[in-house]
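A.B. asks: Structure file query19.cif (mmCIF, C-alpha atoms and all ligand atoms) is given on the next line.
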data_work
loop_
_atom_site.label_atom_id
_atom_site.label_comp_id
_atom_site.auth_asym_id
_atom_site.auth_seq_id
_atom_site.Cartn_x
_atom_site.Cartn_y
_atom_site.Cartn_z
CA MET A 6 26.88 99.05 108.90
CA VAL A 7 25.81 100.82 105.73
CA LYS A 8 22.52 102.58 106.27
CA CYS A 9 19.63 103.54 104.02
CA SER A 10 18.63 107.21 104.00
CA CYS A 11 15.67 106.20 106.23
CA GLY A 12 18.09 104.97 108.90
CA LYS A 13 17.56 101.23 108.53
CA ARG A 14 20.23 98.73 107.55
CA ALA A 15 20.90 98.81 103.80
CA ILE A 16 20.71 95.55 101.85
CA ILE A 17 21.51 96.74 98.33
CA TYR A 18 23.14 99.54 96.41
CA VAL A 19 20.76 100.84 93.73
CA LYS A 20 22.99 102.21 91.00
CA VAL A 21 20.37 104.20 89.12
CA LYS A 22 19.57 106.15 92.29
CA GLY A 23 23.17 106.19 93.54
CA LYS A 24 21.88 105.05 96.95
CA TYR A 25 22.09 102.23 99.44
CA MET A 26 18.60 101.03 100.33
CA CYS A 27 16.99 98.99 103.09
CA GLU A 28 14.51 96.21 102.32
CA ASP A 29 11.40 98.42 102.51
CA CYS A 30 12.83 101.30 100.48
CA PHE A 31 14.18 98.88 97.87
CA LEU A 32 10.85 97.07 97.50
CA ARG A 33 9.12 100.43 97.08
CA TYR A 34 11.69 101.54 94.51
CA PHE A 35 11.49 98.26 92.58
CA GLU A 36 7.72 98.10 92.40
CA ARG A 37 7.39 101.79 91.59
CA THR A 38 9.90 101.46 88.72
CA ALA A 39 8.05 98.50 87.21
CA LEU A 40 4.62 100.11 87.70
CA ASN A 41 5.82 103.38 86.16
CA THR A 42 7.21 101.47 83.19
CA ILE A 43 3.83 99.82 82.71
CA ARG A 44 1.89 103.07 83.10
CA ARG A 45 4.17 105.30 81.03
CA HIS A 46 4.34 102.90 78.11
CA LYS A 47 0.72 101.73 78.37
CA LEU A 48 1.79 98.10 78.63
CA ILE A 49 -1.32 96.80 80.39
CA ASP A 50 -4.93 97.68 79.87
CA LYS A 51 -7.71 96.71 82.28
CA ARG A 52 -9.16 94.32 79.71
CA ASP A 53 -5.90 92.56 78.96
CA LYS A 54 -5.55 88.87 79.57
CA ILE A 55 -1.86 88.39 80.33
CA ALA A 56 0.26 85.37 79.55
CA VAL A 57 3.66 85.36 81.24
CA GLY A 58 6.47 83.48 79.53
CA VAL A 59 7.92 81.43 82.38
CA SER A 60 10.94 79.16 82.57
CA GLY A 61 11.19 78.37 86.27
CA GLY A 62 14.10 80.80 86.57
CA LYS A 63 14.26 83.63 89.11
CA ASP A 64 13.37 86.42 86.66
CA SER A 65 10.20 84.98 85.19
CA LEU A 66 8.94 83.83 88.60
CA ALA A 67 9.54 87.31 90.01
CA LEU A 68 7.56 88.78 87.12
CA LEU A 69 4.72 86.30 87.57
CA TYR A 70 4.59 87.14 91.27
CA PHE A 71 4.75 90.91 90.66
CA LEU A 72 2.00 90.98 88.02
CA ASN A 73 -0.22 88.69 90.03
CA GLU A 74 0.18 90.90 93.10
CA HIS A 75 -0.46 94.21 91.39
CA PHE A 76 -3.04 93.56 88.69
CA ASP A 77 -6.55 92.21 88.72
CA ASN A 78 -6.28 91.02 85.13
CA GLU A 79 -6.45 87.36 84.32
CA ILE A 80 -2.83 86.17 84.48
CA PHE A 81 -1.36 82.77 83.66
CA GLY A 82 2.03 81.29 82.83
CA ILE A 83 3.17 79.58 79.65
CA PHE A 84 6.10 77.24 79.96
CA ILE A 85 7.87 75.89 76.90
CA ASN A 86 9.91 72.79 77.55
CA GLU A 87 12.60 72.71 74.87
CA GLY A 88 13.79 69.24 75.83
CA ILE A 89 17.23 69.92 77.28
CA LYS A 90 18.29 66.93 79.34
CA GLY A 91 19.45 67.59 82.88
CA TYR A 92 18.20 71.17 82.79
CA ARG A 93 14.53 71.67 82.11
CA GLU A 94 13.44 68.87 84.48
CA ILE A 95 14.90 70.92 87.30
CA THR A 96 13.60 74.37 86.36
CA SER A 97 10.14 72.96 85.66
CA LYS A 98 9.96 71.56 89.20
CA ASP A 99 10.62 75.02 90.66
CA LEU A 100 8.08 76.50 88.29
CA ARG A 101 5.26 74.15 89.32
CA LYS A 102 6.02 74.71 92.99
CA TYR A 103 5.80 78.49 92.75
CA CYS A 104 2.81 78.59 90.42
CA LYS A 105 0.97 76.53 92.99
CA ARG A 106 2.10 78.86 95.76
CA PHE A 107 1.01 81.98 93.82
CA GLY A 108 -2.26 80.32 92.81
CA VAL A 109 -1.52 80.92 89.12
CA GLU A 110 -2.37 78.51 86.34
CA CYS A 111 0.58 77.46 84.20
CA TYR A 112 0.22 75.81 80.79
CA GLU A 113 3.06 73.62 79.61
CA PHE A 114 4.04 72.79 76.04
CA SER A 115 7.04 70.95 74.69
CA PHE A 116 9.14 71.12 71.55
CA LYS A 117 8.78 67.35 71.28
CA GLU A 118 5.00 67.42 71.07
CA GLU A 119 4.54 70.72 69.29
CA ILE A 120 7.47 70.76 66.87
CA GLY A 121 8.23 67.05 66.68
CA MET A 122 11.73 67.02 68.16
CA THR A 123 13.49 68.00 71.38
CA LEU A 124 16.18 70.67 71.28
CA ASP A 125 18.77 68.00 72.11
CA GLU A 126 17.69 66.08 69.01
CA MET A 127 17.75 69.24 66.87
CA VAL A 128 21.30 69.98 67.99
CA LYS A 129 22.42 66.50 66.91
CA ARG A 130 20.73 66.76 63.54
CA GLY A 131 21.07 70.43 62.61
CA ARG A 132 23.98 72.63 61.62
CA LEU A 133 23.08 75.72 63.61
CA LYS A 134 23.88 76.69 67.19
CA PRO A 135 21.41 75.42 69.85
CA CYS A 136 20.25 78.93 70.76
CA SER A 137 19.19 79.63 67.17
CA TYR A 138 16.71 76.74 67.15
CA CYS A 139 15.74 77.36 70.75
CA GLY A 140 14.97 81.06 70.28
CA VAL A 141 12.99 80.68 67.06
CA PHE A 142 10.82 77.75 68.17
CA ARG A 143 10.28 79.22 71.65
CA ARG A 144 9.12 82.57 70.25
CA TYR A 145 6.94 80.75 67.73
CA LEU A 146 5.24 78.59 70.37
CA LEU A 147 4.88 81.37 72.91
CA ASN A 148 3.00 83.53 70.45
CA LYS A 149 0.87 80.70 69.11
CA LYS A 150 -0.04 79.33 72.53
CA ALA A 151 -0.60 82.73 74.15
CA ARG A 152 -3.01 83.60 71.36
CA GLY A 153 -4.68 80.19 71.54
CA LEU A 154 -5.28 80.71 75.25
CA GLY A 155 -6.85 84.09 74.60
CA ALA A 156 -4.00 86.29 75.85
CA THR A 157 -3.86 89.86 74.59
CA LYS A 158 -0.37 90.51 76.02
CA LEU A 159 2.63 88.29 76.49
CA ALA A 160 4.78 89.46 79.41
CA MET A 161 8.47 88.62 79.33
CA ALA A 162 10.90 89.00 82.22
CA HIS A 163 13.58 90.78 80.20
CA ASN A 164 15.60 93.00 82.49
CA LEU A 165 18.02 95.83 81.86
CA ASP A 166 20.99 93.48 81.48
CA ASP A 167 19.12 91.41 78.85
CA GLU A 168 18.09 94.49 76.94
CA ALA A 169 21.61 96.00 76.91
CA GLN A 170 22.99 92.63 75.71
CA THR A 171 20.42 92.42 72.91
CA ILE A 172 21.19 95.96 71.75
CA LEU A 173 24.89 95.19 71.48
CA MET A 174 24.34 91.79 69.86
CA ASN A 175 22.20 93.37 67.18
CA LEU A 176 24.61 96.24 66.69
CA PHE A 177 27.56 93.90 66.29
CA THR A 178 25.68 91.78 63.75
CA ASN A 179 24.05 94.79 62.06
CA ASP A 180 20.70 93.07 62.41
CA VAL A 181 18.21 95.89 61.96
CA LYS A 182 15.14 93.65 61.85
CA ARG A 183 15.93 92.23 65.25
CA PHE A 184 15.92 95.70 66.74
CA MET A 185 12.16 95.45 66.53
CA ARG A 186 12.26 92.94 69.35
CA LEU A 187 13.63 95.62 71.62
CA GLY A 188 11.72 98.17 73.61
CA TYR A 189 9.04 98.13 76.30
CA MET A 190 6.50 96.64 73.95
CA THR A 191 7.52 94.72 70.85
CA GLY A 192 5.62 94.43 67.65
CA ILE A 193 5.56 97.32 65.27
CA LYS A 194 2.23 96.69 63.67
CA THR A 195 -0.80 95.02 64.97
CA HIS A 196 -1.76 91.79 63.37
CA PRO A 197 -4.61 89.66 64.71
CA LYS A 198 -2.25 86.72 65.09
CA PHE A 199 0.48 88.60 66.92
CA VAL A 200 0.35 88.92 70.71
CA PRO A 201 2.33 92.05 71.71
CA ARG A 202 5.16 91.37 74.14
CA ILE A 203 5.66 93.57 77.14
CA LYS A 204 8.70 93.99 79.39
CA PRO A 205 7.80 95.54 82.76
CA PHE A 206 11.31 94.90 84.19
CA ARG A 207 13.16 96.56 81.32
CA LEU A 208 14.65 99.29 83.53
CA LEU A 209 15.63 97.04 86.42
CA TYR A 210 19.01 95.40 86.74
CA GLU A 211 19.17 91.61 86.86
CA LYS A 212 20.59 91.81 90.38
CA GLU A 213 17.61 93.91 91.49
CA VAL A 214 15.18 91.36 90.05
CA LEU A 215 17.06 88.62 91.88
CA VAL A 216 16.94 90.49 95.20
CA TYR A 217 13.25 91.31 94.71
CA GLY A 218 12.52 87.62 94.13
CA LEU A 219 14.52 86.59 97.18
CA LEU A 220 12.73 89.11 99.37
CA LYS A 221 9.44 87.67 98.13
CA GLY A 222 10.55 84.15 99.05
CA ILE A 223 11.49 82.95 95.56
CA ARG A 224 14.45 80.60 95.85
CA VAL A 225 15.12 78.55 92.75
CA THR A 226 17.83 76.01 91.99
CA TYR A 227 20.51 77.83 90.08
CA ILE A 228 21.39 75.80 87.03
CA GLN A 229 22.73 76.92 83.70
CA CYS A 230 21.58 75.60 80.36
CA PRO A 231 24.28 73.21 79.06
CA TYR A 232 24.27 75.09 75.75
CA ALA A 233 24.79 78.51 77.33
CA GLU A 234 28.56 78.33 76.86
CA GLN A 235 28.03 78.38 73.11
CA ALA A 236 25.70 81.34 73.29
CA TYR A 237 26.79 84.62 71.78
CA ARG A 238 24.64 86.34 74.41
CA VAL A 239 26.69 84.87 77.23
CA ARG A 240 29.89 86.26 75.72
CA ILE A 241 28.35 89.70 75.34
CA ALA A 242 27.01 89.49 78.91
CA HIS A 243 30.51 88.81 80.14
CA VAL A 244 31.97 91.78 78.27
CA LEU A 245 29.23 94.05 79.63
CA TRP A 246 29.71 92.75 83.14
CA LYS A 247 33.44 93.53 82.97
CA LEU A 248 32.85 97.00 81.55
CA GLU A 249 30.15 97.84 84.06
CA ARG A 250 32.55 97.14 86.90
CA LYS A 251 34.74 99.92 85.56
CA TYR A 252 31.95 102.21 84.35
CA PRO A 253 28.91 102.00 86.62
CA LEU A 254 25.55 102.45 84.89
CA LEU A 255 27.02 101.41 81.55
CA LYS A 256 24.15 99.00 80.79
CA TYR A 257 21.57 101.54 81.85
CA ASN A 258 23.20 104.12 79.57
CA VAL A 259 23.31 101.68 76.64
CA VAL A 260 19.54 101.18 76.92
CA LYS A 261 18.74 104.85 77.49
CA VAL A 262 20.99 106.14 74.72
CA PHE A 263 19.54 103.65 72.31
CA ASP A 264 15.85 104.35 73.00
CA PRO A 265 15.38 107.38 70.69
CA LYS A 266 17.12 105.46 67.90
CA LEU A 267 14.79 102.54 68.49
CA ARG A 268 11.73 104.75 68.08
CA GLU A 269 13.13 105.93 64.76
CA LEU A 270 13.86 102.36 63.59
CA LYS A 271 10.39 101.19 64.56
CA GLU A 272 8.84 104.11 62.73
CA ARG A 273 10.74 103.14 59.57
CA ALA A 274 9.75 99.51 59.92
CA LYS A 275 6.08 100.40 60.00
CA ASP A 276 5.92 99.91 56.28
CA GLU A 277 7.08 96.37 56.58
CA GLU A 278 4.19 94.09 55.96
CA LEU A 279 3.26 91.40 58.44
CA ARG A 280 1.66 88.38 56.86
CA GLU A 281 0.81 84.76 57.47
CA CYS A 282 3.32 82.02 56.77
CA LYS A 283 2.37 80.14 53.61
CA ILE A 284 2.96 76.84 55.35
CA CYS A 285 1.78 77.10 58.96
CA GLY A 286 -0.28 80.32 58.86
CA GLU A 287 1.59 81.91 61.78
CA VAL A 288 2.46 85.58 61.64
CA THR A 289 5.77 86.50 60.01
CA ASN A 290 7.42 89.19 57.93
CA ARG A 291 8.50 86.66 55.31
CA ASP A 292 6.69 84.25 52.98
CA ILE A 293 7.76 81.24 54.99
CA CYS A 294 8.33 81.74 58.71
CA LYS A 295 11.62 80.94 60.36
CA ALA A 296 10.13 78.02 62.31
CA CYS A 297 8.97 76.32 59.09
CA GLU A 298 12.34 77.04 57.48
CA PHE A 299 14.13 75.38 60.40
CA LYS A 300 11.72 72.44 60.34
CA ARG A 301 12.61 71.89 56.70
CA GLU A 302 16.31 72.04 57.47
CA LEU A 303 15.86 69.56 60.32
CA LYS A 304 13.71 67.32 58.10
CA ILE A 305 10.78 67.52 60.49
CA PRO A 306 7.55 66.76 58.62
CA ILE A 307 5.59 69.98 58.16
CA SER A 308 1.89 69.56 58.67
FE1 LIG B 401 17.93 77.96 74.75
FE2 LIG B 401 20.39 78.87 74.34
FE3 LIG B 401 18.96 79.74 76.43
FE4 LIG B 401 19.88 77.23 76.39
S1 LIG B 401 21.13 79.11 76.44
S2 LIG B 401 17.80 77.88 76.99
S3 LIG B 401 19.72 76.75 74.22
S4 LIG B 401 18.49 80.08 74.25
ZN ZN B 402 15.10 102.69 103.85
ZN ZN B 403 5.44 78.76 59.25
#
So that I can check it, write out the structure of this file as structure tokens.
Ligand code: SF4
Ligand code: ZN
Ligand code: ZN
C.D. replies:
Amino acid sequence: MVKCSCGKRAIIYVKVKGKYMCEDCFLRYFERTALNTIRRHKLIDKRDKIAVGVSGGKDSLALLYFLNEHFDNEIFGIFINEGIKGYREITSKDLRKYCKRFGVECYEFSFKEEIGMTLDEMVKRGRLKPCSYCGVFRRYLLNKKARGLGATKLAMAHNLDDEAQTILMNLFTNDVKRFMRLGYMTGIKTHPKFVPRIKPFRLLYEKEVLVYGLLKGIRVTYIQCPYAEQAYRVRIAHVLWKLERKYPLLKYNVVKVFDPKLRELKERAKDEELRECKICGEVTNRDICKACEFKRELKIPIS
């Protein structure tokens, strides 16, 4: 039996610490890491009203649970139903069950009602990959709805694996602007219409978030989005997974090595002007926001 340094039976190997840990020591480590991330990067203020972007998956439910347990701020979930047949019906069931259990309000919005078309319909009509429409409209609605509900922060369950994947994706596509979505808190400049996004789990591996959730009684149906196979992110995740097996801590090192560079990039981007979309009035760094551009392409009437 592998033991924790405290003598109890170990349940997980925590790579960053190079240690096997028992349930109690792991829970302490996990919560301390997330709380330190929040404190060190000033992610949450006492007056913040926090919206959590939830999908019904293990990561976002673990984040909702964690924030609700540790903070007295007003906290609620925002769920965006993209309209993916055979997928979202299932994750939304888990979501409602756990929100009820945690006693947290969850607001639901759908692409169909808010944008005018489900993601499945967009995929049939459009020429882009499903994740391109999905990501743009989801980000658009999350910001708009979080702001509409009075949130001052939008918490996302991005973990270390997600962050390392995003860094590599952006590097491989040389997409400097997208680097601004990285970091503990995204948003370079403040704009009254932009709700800053925070990532309390940014230094925790996906597996650690999963184990934390399981230890807290979160058991969701595992189901993959039918479009995931086409996702660039999934390919990058696979490459990283393979590499990390050979080189432990590779993902952690990708994030850590990149952080000083990110600060520099954000500093440079400070001059970039944030403005309101000429069509919908949402915040963007272009004249017409990406959501309106996609709506045009998909021939969705723009109101
Ligand atoms: Fe959306 Fe792509 Fe994720 Fe599916 S895999 S939920 S289409 S971003
Ligand atoms: Zn222990
Ligand atoms: Zn717009």
A.B. asks: Give me the residues within 9 Å of Met161 of chain A as a ChimeraX atom specification, counting only C-alpha atoms and dropping any in the same chain fewer than 5 places off.
C.D. replies: /A:56-59,65,68,202-206
A.B. asks: Check which residues of segment 137-231 of chain A sit at most 10 Å from segment 280-294 of chain A using only C-alpha atoms, and return one row each with the closest pair of atoms and their distance in Å to one decimal, ordered by chain and rising number, as JSON lines.
C.D. replies:
{"residue": "A:Val141", "atom": "CA", "partner": "A:Cys294", "partner_atom": "CA", "distance": 9.6}
{"residue": "A:Tyr145", "atom": "CA", "partner": "A:Glu287", "partner_atom": "CA", "distance": 8.1}
{"residue": "A:Leu146", "atom": "CA", "partner": "A:Glu287", "partner_atom": "CA", "distance": 9.9}
{"residue": "A:Asn148", "atom": "CA", "partner": "A:Glu287", "partner_atom": "CA", "distance": 8.9}
{"residue": "A:Lys149", "atom": "CA", "partner": "A:Glu287", "partner_atom": "CA", "distance": 7.5}
{"residue": "A:Lys182", "atom": "CA", "partner": "A:Asn290", "partner_atom": "CA", "distance": 9.7}
{"residue": "A:His196", "atom": "CA", "partner": "A:Val288", "partner_atom": "CA", "distance": 7.7}
{"residue": "A:Pro197", "atom": "CA", "partner": "A:Val288", "partner_atom": "CA", "distance": 8.7}
{"residue": "A:Lys198", "atom": "CA", "partner": "A:Val288", "partner_atom": "CA", "distance": 5.9}
{"residue": "A:Phe199", "atom": "CA", "partner": "A:Val288", "partner_atom": "CA", "distance": 6.4}
{"residue": "A:Val200", "atom": "CA", "partner": "A:Val288", "partner_atom": "CA", "distance": 9.9}
A.B. asks: Which of these residues is nearest to Glu272 of chain A, using all atoms listed in the file: A:Leu255, A:Met185, A:Cys104, A:Ala296?
C.D. replies: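 That would be A:Met185, the residue with the smallest distance to Glu272 of chain A.
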A.B. asks: What's the separation between atom CA of Phe184 of chain A and atom CA of Asn41 of chain A, in Å to one decimal place?
C.D. replies: 23.2 Å
A.B. asks: Hey, can you pull every residue with an atom no more than 9 Å from (15.2, 82.6, 88.5), using only C-alpha atoms, and send it as a PyMOL selection string?
C.D. replies: chain A and resi 60-67+96+214-215+218+223-227
A.B. asks: Between chain A and ligand LIG 401 (chain B), at 12 Å or less, what are the per-residue closest atom pairs and their distances in Å? Count only C-alpha atoms and all ligand atoms, order by chain and rising residue number, and return it as JSON lines.
C.D. replies:
{"residue": "A:Val59", "atom": "CA", "partner": "B:LIG401", "partner_atom": "S2", "distance": 11.8}
{"residue": "A:Ser60", "atom": "CA", "partner": "B:LIG401", "partner_atom": "S2", "distance": 8.9}
{"residue": "A:Gly61", "atom": "CA", "partner": "B:LIG401", "partner_atom": "S2", "distance": 11.4}
{"residue": "A:Gly62", "atom": "CA", "partner": "B:LIG401", "partner_atom": "S2", "distance": 10.7}
{"residue": "A:Ile85", "atom": "CA", "partner": "B:LIG401", "partner_atom": "S2", "distance": 10.1}
{"residue": "A:Asn86", "atom": "CA", "partner": "B:LIG401", "partner_atom": "S2", "distance": 9.4}
{"residue": "A:Glu87", "atom": "CA", "partner": "B:LIG401", "partner_atom": "FE1", "distance": 7.5}
{"residue": "A:Gly88", "atom": "CA", "partner": "B:LIG401", "partner_atom": "S2", "distance": 9.6}
{"residue": "A:Ile89", "atom": "CA", "partner": "B:LIG401", "partner_atom": "FE4", "distance": 7.8}
{"residue": "A:Lys90", "atom": "CA", "partner": "B:LIG401", "partner_atom": "FE4", "distance": 10.8}
{"residue": "A:Gly91", "atom": "CA", "partner": "B:LIG401", "partner_atom": "FE4", "distance": 11.6}
{"residue": "A:Tyr92", "atom": "CA", "partner": "B:LIG401", "partner_atom": "S2", "distance": 8.9}
{"residue": "A:Arg93", "atom": "CA", "partner": "B:LIG401", "partner_atom": "S2", "distance": 8.7}
{"residue": "A:Thr96", "atom": "CA", "partner": "B:LIG401", "partner_atom": "S2", "distance": 10.9}
{"residue": "A:Phe116", "atom": "CA", "partner": "B:LIG401", "partner_atom": "FE1", "distance": 11.6}
{"residue": "A:Thr123", "atom": "CA", "partner": "B:LIG401", "partner_atom": "S3", "distance": 11.1}
{"residue": "A:Leu124", "atom": "CA", "partner": "B:LIG401", "partner_atom": "S3", "distance": 7.6}
{"residue": "A:Asp125", "atom": "CA", "partner": "B:LIG401", "partner_atom": "S3", "distance": 9.1}
{"residue": "A:Met127", "atom": "CA", "partner": "B:LIG401", "partner_atom": "S3", "distance": 10.7}
{"residue": "A:Val128", "atom": "CA", "partner": "B:LIG401", "partner_atom": "S3", "distance": 9.3}
{"residue": "A:Leu133", "atom": "CA", "partner": "B:LIG401", "partner_atom": "S3", "distance": 11.2}
{"residue": "A:Lys134", "atom": "CA", "partner": "B:LIG401", "partner_atom": "S3", "distance": 8.2}
{"residue": "A:Pro135", "atom": "CA", "partner": "B:LIG401", "partner_atom": "S3", "distance": 4.9}
{"residue": "A:Cys136", "atom": "CA", "partner": "B:LIG401", "partner_atom": "FE2", "distance": 3.6}
{"residue": "A:Ser137", "atom": "CA", "partner": "B:LIG401", "partner_atom": "S4", "distance": 7.1}
{"residue": "A:Tyr138", "atom": "CA", "partner": "B:LIG401", "partner_atom": "S3", "distance": 7.7}
{"residue": "A:Cys139", "atom": "CA", "partner": "B:LIG401", "partner_atom": "FE1", "distance": 4.6}
{"residue": "A:Gly140", "atom": "CA", "partner": "B:LIG401", "partner_atom": "S4", "distance": 5.4}
{"residue": "A:Val141", "atom": "CA", "partner": "B:LIG401", "partner_atom": "S4", "distance": 9.1}
{"residue": "A:Phe142", "atom": "CA", "partner": "B:LIG401", "partner_atom": "FE1", "distance": 9.7}
{"residue": "A:Arg143", "atom": "CA", "partner": "B:LIG401", "partner_atom": "FE1", "distance": 8.3}
{"residue": "A:Arg144", "atom": "CA", "partner": "B:LIG401", "partner_atom": "S4", "distance": 10.5}
{"residue": "A:Asp167", "atom": "CA", "partner": "B:LIG401", "partner_atom": "FE3", "distance": 11.9}
{"residue": "A:Ile228", "atom": "CA", "partner": "B:LIG401", "partner_atom": "FE4", "distance": 10.8}
{"residue": "A:Gln229", "atom": "CA", "partner": "B:LIG401", "partner_atom": "S1", "distance": 7.8}
{"residue": "A:Cys230", "atom": "CA", "partner": "B:LIG401", "partner_atom": "FE4", "distance": 4.6}
{"residue": "A:Pro231", "atom": "CA", "partner": "B:LIG401", "partner_atom": "FE4", "distance": 6.5}
{"residue": "A:Tyr232", "atom": "CA", "partner": "B:LIG401", "partner_atom": "FE4", "distance": 4.9}
{"residue": "A:Ala233", "atom": "CA", "partner": "B:LIG401", "partner_atom": "S1", "distance": 3.8}
{"residue": "A:Glu234", "atom": "CA", "partner": "B:LIG401", "partner_atom": "S1", "distance": 7.5}
{"residue": "A:Gln235", "atom": "CA", "partner": "B:LIG401", "partner_atom": "S1", "distance": 7.7}
{"residue": "A:Ala236", "atom": "CA", "partner": "B:LIG401", "partner_atom": "FE2", "distance": 5.9}
{"residue": "A:Tyr237", "atom": "CA", "partner": "B:LIG401", "partner_atom": "FE2", "distance": 9.0}
{"residue": "A:Arg238", "atom": "CA", "partner": "B:LIG401", "partner_atom": "S1", "distance": 8.3}
{"residue": "A:Val239", "atom": "CA", "partner": "B:LIG401", "partner_atom": "S1", "distance": 8.0}
{"residue": "A:Arg240", "atom": "CA", "partner": "B:LIG401", "partner_atom": "S1", "distance": 11.3}
